[in-house]
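Chemist: What follows is a structure written as structure tokens; I'll ask about it next.
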Amino acid sequence: VPERPTLGNTDYAFEMAISNIRYGEGVTKEVGVDLQNLGARRVCLMTDKNLSQLPPVNAVLNSLAKYSINFQMYDNVRVEPTDQSFMDAINFAKKGEFDAYVAVGGGSVIDTCKAANLYASSPTSDFLDYVNAPIGKGKPVTVPLKPLIAVPTTSGTGSETTGVAIFDFKELKVKTGIASRAIKPTLGIIDPLHTLSMPERIVANSGFDVLCHALESYTALPYKMRSPCPSNPINRPAYQGSNPISDVWALHALRIVAKYLKRAIRNPEDREARANMHLASAFAGIGFGNAGVHLCHGMSYPISGLVRTYKPKDYNVDHSLVPHGLSVVLTSPAVFAFTAQICPERHLEAAEILGADIRTARIKDAGFILADTLRKFLFDLNVDDGLAAIGYSKADIPALVKGTLPQERVTKLSPRPQTEEDLSALFEASMKLY
């Protein structure tokens, strides 16, 4: 183990941490047996109001009933959660004194359940204790958590594999989160039947999240260049930089996105495409859950947090929101044009996987080629024409930059360091895509 490192000393190791994963059509019916095997006596089932009426939750309820599992349901999860909605779920979990959790839903539900499990297991902790620095204290999690089974119903966040929980911090109008290997689910149950009830735009936006998870983790700063090197392994961040294992998962996820995302969006009956995108979400989750993401995600948090009036098609919500995958993908052409000068070969390889002909490409054009490939991809899928189309103007750029600056946990994983001026230019370039 290195002696206590001086600041600026780079890391020399990386660590792989993922949830156990079970995959198969109809596999949700096993959740009751899993809880029985765990000896669970009081189970918390978390979902949201829309999902509570849909087949995925029904499948879980049937399994709980079949195996006589004692549970309480919390269906008040907010789509794109806030610190307040996290606190509501945490208070429910503290009162319930549960010994196991089941989360059925997209990233919002799974992330909320992770937070509820964490703070109910650490009842004397202040909410900001575990929130990422510099917004919170970013303390390491040392308390034992209860088992959490995640049943994802979207093909996007990969939250069933990761130790990350994201929320909107209302006071600062910015998204942040909690990142610790300790909060990752015990088991992710990936049942492709659940994707059949997803509307078209939810398939598209969650698929864009998979796309950016794969691209960002593959092009992230290599783990050996990240500093400081931790004096204690518990302080090694979940987002460590690109590494040889996460690279494998990121590239594999990217290939599946290239082959199946358009099909999954255009034809809800295409079970092969939807099943493959459900797996791709978990694959990309394994990649970014250990390598991290960088600028698309760092810049997406204020795009989501500062939304005024935008309400997306196919989302049954009573508040304005920019779906996470959309907020991430709208800056992707500008971001990868910017980062490509550091690792152009990786950017070119990604462009080729997404369909670009790179036989005569010059290495110095890698960023423009990947950016153009992404623009064409988004145009083909009727994606809003940049930030201007979702309600932003150049006058908003200073606020968007200000909201990106606290996201050091991810922005410092960009292969190319960025100034405030660089961020302003990236937001400006993302106002219009086509």
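Identifiers in this document derive from the order of the structure tokens: chains are assigned A, B, ..., residues are numbered from 1 separately in each chain, and ligands are numbered from 1 in order of occurrence.
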Which residues are close to Asp88 of chain A, i.e. within 12 Å by only C-alpha atoms, leaving aside same-chain residues fewer than 6 positions away? Reply as a ChimeraX atom specification.

Modeler: /A:74-78,81-82,94-95,112-113,115-116,119-120,127

Chemist: Kindly export the residues of the current selection with N, CA and C atoms, as a compact mmCIF listing (two decimals), in the first residue's frame.

Modeler:
```txt
# COMPACT_ATOMS: atom_id res chain seq x y z
N TYR A 74 -44.69 1.65 -0.60
CA TYR A 74 -44.52 3.11 -0.70
C TYR A 74 -44.56 3.42 -2.19
N ASP A 75 -45.64 4.09 -2.66
CA ASP A 75 -45.76 4.35 -4.11
C ASP A 75 -45.69 5.84 -4.42
N ASN A 76 -45.03 6.56 -3.52
CA ASN A 76 -44.99 8.02 -3.66
C ASN A 76 -43.67 8.52 -4.21
N VAL A 77 -42.90 7.65 -4.87
CA VAL A 77 -41.61 8.08 -5.43
C VAL A 77 -41.86 9.10 -6.53
N ARG A 78 -41.06 10.16 -6.55
CA ARG A 78 -41.19 11.21 -7.55
C ARG A 78 -40.30 10.86 -8.75
N PRO A 81 -36.29 12.45 -8.72
CA PRO A 81 -36.48 12.76 -7.30
C PRO A 81 -35.75 14.03 -6.84
N THR A 82 -36.23 14.59 -5.72
CA THR A 82 -35.60 15.77 -5.11
C THR A 82 -35.13 15.38 -3.71
N LYS A 94 -37.65 4.69 7.88
CA LYS A 94 -37.27 4.70 9.30
C LYS A 94 -38.42 4.22 10.19
N LYS A 95 -39.64 4.68 9.87
CA LYS A 95 -40.79 4.27 10.68
C LYS A 95 -41.09 2.79 10.52
N THR A 112 -34.18 6.18 -5.11
CA THR A 112 -34.90 6.57 -3.89
C THR A 112 -34.83 5.47 -2.85
N CYS A 113 -34.97 4.23 -3.30
CA CYS A 113 -34.93 3.09 -2.39
C CYS A 113 -33.53 2.92 -1.79
N ALA A 115 -31.42 5.33 -1.16
CA ALA A 115 -31.28 6.38 -0.14
C ALA A 115 -32.07 6.02 1.12
N ALA A 116 -33.28 5.49 0.93
CA ALA A 116 -34.12 5.11 2.08
C ALA A 116 -33.42 4.03 2.91
N TYR A 119 -30.23 5.69 4.86
CA TYR A 119 -30.47 6.56 6.01
C TYR A 119 -31.29 5.87 7.11
N ALA A 120 -32.10 4.86 6.70
CA ALA A 120 -32.79 4.08 7.74
C ALA A 120 -31.79 3.19 8.48
N PHE A 127 -28.66 14.32 6.61
CA PHE A 127 -28.86 14.01 5.18
C PHE A 127 -27.62 14.34 4.35
```

Chemist: DSSP on the backbone, alpha helix (DSSP H) only: what residues of segment 279-414 of chain A does that give? Format it as an MDAnalysis selection string.

Modeler: chainID A and resid 279:291 295:305 324:329 332:339 344:353 366:380 397:404 408:411

Chemist: Write a file of the selected residues as a compact mmCIF listing (two decimals), in the first residue's frame, keeping C-alpha atoms.

Modeler:
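Result saved to selection-v6.txt:
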```txt
# COMPACT_ATOMS: atom_id res chain seq x y z
CA LEU A 279 -29.53 -5.98 -20.94
CA ALA A 280 -27.54 -3.12 -22.51
CA SER A 281 -28.70 -0.87 -19.68
CA ALA A 282 -27.20 -3.26 -17.12
CA PHE A 283 -24.00 -3.71 -19.18
CA ALA A 284 -23.48 0.05 -19.44
CA GLY A 285 -24.29 0.29 -15.71
CA ILE A 286 -21.43 -2.10 -14.93
CA GLY A 287 -19.17 0.05 -17.11
CA PHE A 288 -20.03 3.50 -15.79
CA GLY A 289 -20.74 2.28 -12.25
CA ASN A 290 -17.01 1.61 -11.97
CA ALA A 291 -15.44 3.99 -14.48
CA LEU A 295 -19.24 16.07 -19.09
CA CYS A 296 -22.58 15.01 -20.64
CA HIS A 297 -23.75 13.96 -17.19
CA GLY A 298 -22.12 16.85 -15.33
CA MET A 299 -23.80 19.35 -17.67
CA SER A 300 -27.12 17.49 -17.63
CA TYR A 301 -27.78 18.11 -13.95
CA PRO A 302 -28.44 21.87 -14.26
CA ILE A 303 -30.36 21.22 -17.52
CA SER A 304 -32.76 19.07 -15.47
CA GLY A 305 -32.60 21.24 -12.36
CA HIS A 324 -32.59 12.44 -17.55
CA GLY A 325 -31.57 10.67 -20.78
CA LEU A 326 -32.67 13.66 -22.85
CA SER A 327 -30.79 16.15 -20.65
CA VAL A 328 -27.66 14.04 -21.09
CA VAL A 329 -27.77 13.39 -24.83
CA SER A 332 -23.25 14.88 -26.47
CA PRO A 333 -22.24 16.16 -29.95
CA ALA A 334 -20.57 19.26 -28.46
CA VAL A 335 -18.95 17.31 -25.61
CA PHE A 336 -17.33 14.60 -27.73
CA ALA A 337 -16.12 17.14 -30.29
CA PHE A 338 -14.40 18.82 -27.31
CA THR A 339 -12.92 15.75 -25.58
CA PRO A 344 -9.12 10.38 -30.54
CA GLU A 345 -8.78 6.64 -31.23
CA ARG A 346 -11.52 5.85 -28.71
CA HIS A 347 -13.82 8.53 -30.14
CA LEU A 348 -13.26 7.19 -33.66
CA GLU A 349 -13.91 3.62 -32.54
CA ALA A 350 -17.20 4.73 -30.93
CA ALA A 351 -18.23 6.56 -34.13
CA GLU A 352 -17.56 3.41 -36.17
CA ILE A 353 -19.68 1.27 -33.81
CA ALA A 366 -12.35 12.04 -34.60
CA GLY A 367 -14.41 14.48 -32.53
CA PHE A 368 -16.26 15.97 -35.50
CA ILE A 369 -16.97 12.51 -36.91
CA LEU A 370 -18.43 11.24 -33.61
CA ALA A 371 -20.42 14.49 -33.15
CA ASP A 372 -21.91 14.22 -36.66
CA THR A 373 -22.73 10.55 -36.12
CA LEU A 374 -24.56 11.41 -32.90
CA ARG A 375 -26.46 14.29 -34.55
CA LYS A 376 -27.65 12.01 -37.34
CA PHE A 377 -28.66 9.36 -34.78
CA LEU A 378 -30.70 11.90 -32.79
CA PHE A 379 -32.24 13.48 -35.89
CA ASP A 380 -33.43 10.06 -37.10
CA ILE A 397 -25.82 29.85 -20.03
CA PRO A 398 -24.27 31.50 -16.93
CA ALA A 399 -26.78 29.67 -14.68
CA LEU A 400 -26.18 26.38 -16.50
CA VAL A 401 -22.40 26.77 -16.06
CA LYS A 402 -22.86 27.67 -12.40
CA GLY A 403 -24.91 24.48 -11.93
CA THR A 404 -22.21 22.37 -13.60
CA GLU A 408 -16.64 17.83 -9.80
CA ARG A 409 -17.19 14.16 -9.04
CA VAL A 410 -17.97 13.62 -12.72
CA THR A 411 -16.53 16.64 -14.55
```

Chemist: Residues within 10 Å of Ala238 of chain A, please, as a ChimeraX atom specification. Count only C-alpha atoms; anything in the same chain fewer than 5 positions from it doesn't count.

Modeler: /A:14-17,162-164,179-182,288-292,409

Chemist: Taking into account only C-alpha atoms, which residue in the set A:Ile110, A:Leu193, A:Val143, A:Ala204 is nearest to Ala165 of chain A?

Modeler: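 Counting only C-alpha atoms, the residue closest to Ala165 of chain A is A:Ile110.
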
Chemist: Distance table requested - segment 79-176 of chain A against segment 52-71 of chain A, cut-off 10 Å, only C-alpha atoms: one row per qualifying residue with the closest atom pair and its distance in Å to one decimal, ordered by chain and rising residue number, as JSON lines.

Modeler:
```
{"residue": "A:Gly96", "atom": "CA", "partner": "A:Phe71", "partner_atom": "CA", "distance": 9.6}
{"residue": "A:Phe98", "atom": "CA", "partner": "A:Phe71", "partner_atom": "CA", "distance": 8.7}
{"residue": "A:Ala100", "atom": "CA", "partner": "A:Phe71", "partner_atom": "CA", "distance": 9.3}
{"residue": "A:Tyr101", "atom": "CA", "partner": "A:Phe71", "partner_atom": "CA", "distance": 9.2}
{"residue": "A:Val102", "atom": "CA", "partner": "A:Val60", "partner_atom": "CA", "distance": 8.9}
{"residue": "A:Ala103", "atom": "CA", "partner": "A:Val57", "partner_atom": "CA", "distance": 9.5}
{"residue": "A:Val104", "atom": "CA", "partner": "A:Val57", "partner_atom": "CA", "distance": 6.5}
{"residue": "A:Gly105", "atom": "CA", "partner": "A:Pro56", "partner_atom": "CA", "distance": 8.2}
{"residue": "A:Val151", "atom": "CA", "partner": "A:Pro56", "partner_atom": "CA", "distance": 8.4}
{"residue": "A:Pro152", "atom": "CA", "partner": "A:Pro56", "partner_atom": "CA", "distance": 9.0}
{"residue": "A:Thr153", "atom": "CA", "partner": "A:Pro56", "partner_atom": "CA", "distance": 7.1}
```

Chemist: If you count only C-alpha atoms, which residues fall within 9 Å of Asp247 of chain A, apart from same-chain ones fewer than 2 positions away, as a list in words?

Modeler: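 Contacts, with the query itself left out: Ala214, Ser217, Tyr218, Thr219, Ser242, Asn243, Pro244, Ile245, Trp249, Ala250, Leu251, His252, Gly287 and Ala291 of chain A.
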
Chemist: State, in Å with one decimal place, the distance from atom CA of Asp270 of chain A to atom CA of Gly156 of chain A.

Modeler: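 Interatomic distance, atom CA of Asp270 of chain A to atom CA of Gly156 of chain A: 17.3 Å.
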
Chemist: Determine, counting only C-alpha atoms, which protein, DNA and RNA residues have an atom within 9 Å of an atom of Ser122 of chain A; residues of the same chain fewer than 3 positions away are not included. Present the result as a list of chain:residue names.

Modeler: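 That gives A:Asn117, A:Leu118, A:Tyr119, A:Ser125, A:Val143, A:Pro144, A:Leu145.
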
Chemist: Near Arg416 of chain A, within 9 Å and counting only C-alpha atoms, which residues show up once chain neighbours fewer than 4 positions away are dropped, as a list in words?

Modeler: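 With the cut-off at 9 Å, the set is Leu221, Phe338, Thr339, Ala340, Gln341, Ile342 and Lys412 of chain A.
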
Chemist: At what distance in Å, to one decimal, does atom CA of Arg359 of chain A lie from atom CA of Leu433 of chain A?

Modeler: 25.5 Å

Chemist: Identify which of the residues A:Pro140, A:Asp396, A:Asp209, A:Pro147 lies closest to Pro233 of chain A, counting only C-alpha atoms when measuring atom-to-atom distances.

Modeler: A:Pro140

Chemist: I'd like the interatomic distance between atom CA of Tyr239 of chain A and atom CA of Pro417 of chain A, to a tenth of an Å.

Modeler: 16.6 Å

Chemist: Could you list, as a ChimeraX atom specification, every residue within 12 Å of Lys259 of chain A, counting only C-alpha atoms and ignoring same-chain residues fewer than 6 positions away?

Modeler: /A:207,211,252-253,265,272-274,276-277,280,353-355,377

Chemist: Can those selected residues be exported to a file as a PDB file, in the first residue's frame so that it contains N, CA, C and O atoms?

Modeler:
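Final output, saved to again24.pdb:
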```
ATOM      1  N   GLY A 207     -32.944   5.004 -23.446  1.00  0.00           N
ATOM      2  CA  GLY A 207     -31.881   4.489 -24.325  1.00  0.00           C
ATOM      3  C   GLY A 207     -30.741   5.479 -24.516  1.00  0.00           C
ATOM      4  O   GLY A 207     -29.572   5.084 -24.635  1.00  0.00           O
ATOM      5  N   LEU A 211     -26.678   5.064 -24.021  1.00  0.00           N
ATOM      6  CA  LEU A 211     -25.702   5.525 -25.022  1.00  0.00           C
ATOM      7  C   LEU A 211     -24.621   6.386 -24.372  1.00  0.00           C
ATOM      8  O   LEU A 211     -23.419   6.164 -24.583  1.00  0.00           O
ATOM      9  N   HIS A 252     -19.438  -3.126 -25.317  1.00  0.00           N
ATOM     10  CA  HIS A 252     -20.488  -4.109 -25.624  1.00  0.00           C
ATOM     11  C   HIS A 252     -21.863  -3.431 -25.590  1.00  0.00           C
ATOM     12  O   HIS A 252     -22.708  -3.659 -26.465  1.00  0.00           O
ATOM     13  N   ALA A 253     -22.074  -2.580 -24.586  1.00  0.00           N
ATOM     14  CA  ALA A 253     -23.351  -1.855 -24.488  1.00  0.00           C
ATOM     15  C   ALA A 253     -23.553  -0.967 -25.715  1.00  0.00           C
ATOM     16  O   ALA A 253     -24.656  -0.875 -26.268  1.00  0.00           O
ATOM     17  N   ILE A 265     -37.419   1.570 -30.132  1.00  0.00           N
ATOM     18  CA  ILE A 265     -38.248   2.782 -30.076  1.00  0.00           C
ATOM     19  C   ILE A 265     -39.401   2.679 -31.072  1.00  0.00           C
ATOM     20  O   ILE A 265     -40.551   2.985 -30.755  1.00  0.00           O
ATOM     21  N   GLU A 272     -37.271  -8.743 -29.205  1.00  0.00           N
ATOM     22  CA  GLU A 272     -35.822  -8.963 -29.245  1.00  0.00           C
ATOM     23  C   GLU A 272     -35.080  -7.655 -28.960  1.00  0.00           C
ATOM     24  O   GLU A 272     -34.151  -7.602 -28.149  1.00  0.00           O
ATOM     25  N   ALA A 273     -35.528  -6.580 -29.613  1.00  0.00           N
ATOM     26  CA  ALA A 273     -34.862  -5.280 -29.434  1.00  0.00           C
ATOM     27  C   ALA A 273     -35.037  -4.777 -28.004  1.00  0.00           C
ATOM     28  O   ALA A 273     -34.085  -4.305 -27.376  1.00  0.00           O
ATOM     29  N   ARG A 274     -36.251  -4.877 -27.480  1.00  0.00           N
ATOM     30  CA  ARG A 274     -36.487  -4.368 -26.119  1.00  0.00           C
ATOM     31  C   ARG A 274     -35.737  -5.199 -25.067  1.00  0.00           C
ATOM     32  O   ARG A 274     -35.203  -4.658 -24.111  1.00  0.00           O
ATOM     33  N   ASN A 276     -32.918  -6.807 -25.557  1.00  0.00           N
ATOM     34  CA  ASN A 276     -31.489  -6.483 -25.668  1.00  0.00           C
ATOM     35  C   ASN A 276     -31.165  -5.122 -25.062  1.00  0.00           C
ATOM     36  O   ASN A 276     -30.116  -4.955 -24.437  1.00  0.00           O
ATOM     37  N   MET A 277     -32.059  -4.140 -25.219  1.00  0.00           N
ATOM     38  CA  MET A 277     -31.814  -2.832 -24.608  1.00  0.00           C
ATOM     39  C   MET A 277     -31.870  -2.919 -23.085  1.00  0.00           C
ATOM     40  O   MET A 277     -31.156  -2.207 -22.379  1.00  0.00           O
ATOM     41  N   ALA A 280     -28.544  -4.157 -22.234  1.00  0.00           N
ATOM     42  CA  ALA A 280     -27.538  -3.117 -22.513  1.00  0.00           C
ATOM     43  C   ALA A 280     -27.480  -2.098 -21.387  1.00  0.00           C
ATOM     44  O   ALA A 280     -26.412  -1.585 -21.031  1.00  0.00           O
ATOM     45  N   ILE A 353     -18.658   2.169 -34.363  1.00  0.00           N
ATOM     46  CA  ILE A 353     -19.681   1.269 -33.807  1.00  0.00           C
ATOM     47  C   ILE A 353     -21.079   1.833 -34.076  1.00  0.00           C
ATOM     48  O   ILE A 353     -22.019   1.099 -34.376  1.00  0.00           O
ATOM     49  N   LEU A 354     -21.204   3.160 -34.014  1.00  0.00           N
ATOM     50  CA  LEU A 354     -22.508   3.800 -34.228  1.00  0.00           C
ATOM     51  C   LEU A 354     -22.838   4.011 -35.712  1.00  0.00           C
ATOM     52  O   LEU A 354     -23.823   4.660 -36.043  1.00  0.00           O
ATOM     53  N   GLY A 355     -21.968   3.487 -36.587  1.00  0.00           N
ATOM     54  CA  GLY A 355     -22.333   3.476 -38.007  1.00  0.00           C
ATOM     55  C   GLY A 355     -21.519   4.360 -38.932  1.00  0.00           C
ATOM     56  O   GLY A 355     -21.787   4.409 -40.131  1.00  0.00           O
ATOM     57  N   PHE A 377     -27.947  10.338 -35.597  1.00  0.00           N
ATOM     58  CA  PHE A 377     -28.655   9.356 -34.776  1.00  0.00           C
ATOM     59  C   PHE A 377     -29.858  10.015 -34.109  1.00  0.00           C
ATOM     60  O   PHE A 377     -30.979   9.493 -34.125  1.00  0.00           O
TER      61      PHE A 377
END
```

Chemist: As a list in words, please: every residue in segment 111-213 of chain A that a backbone DSSP assignment puts in strand (DSSP E or B).

Modeler: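 So, restricting segment 111-213 of chain A to strand (DSSP E or B), we get Leu148, Ile149, Ala150, Val151, Pro152, Val164, Ala165, Ile166, Phe167, Asp168, Phe169, Val174, Lys175, Thr176, Gly177, Ile178, Ala179, Leu187, Gly188, Ile189 and Ile190 of chain A.
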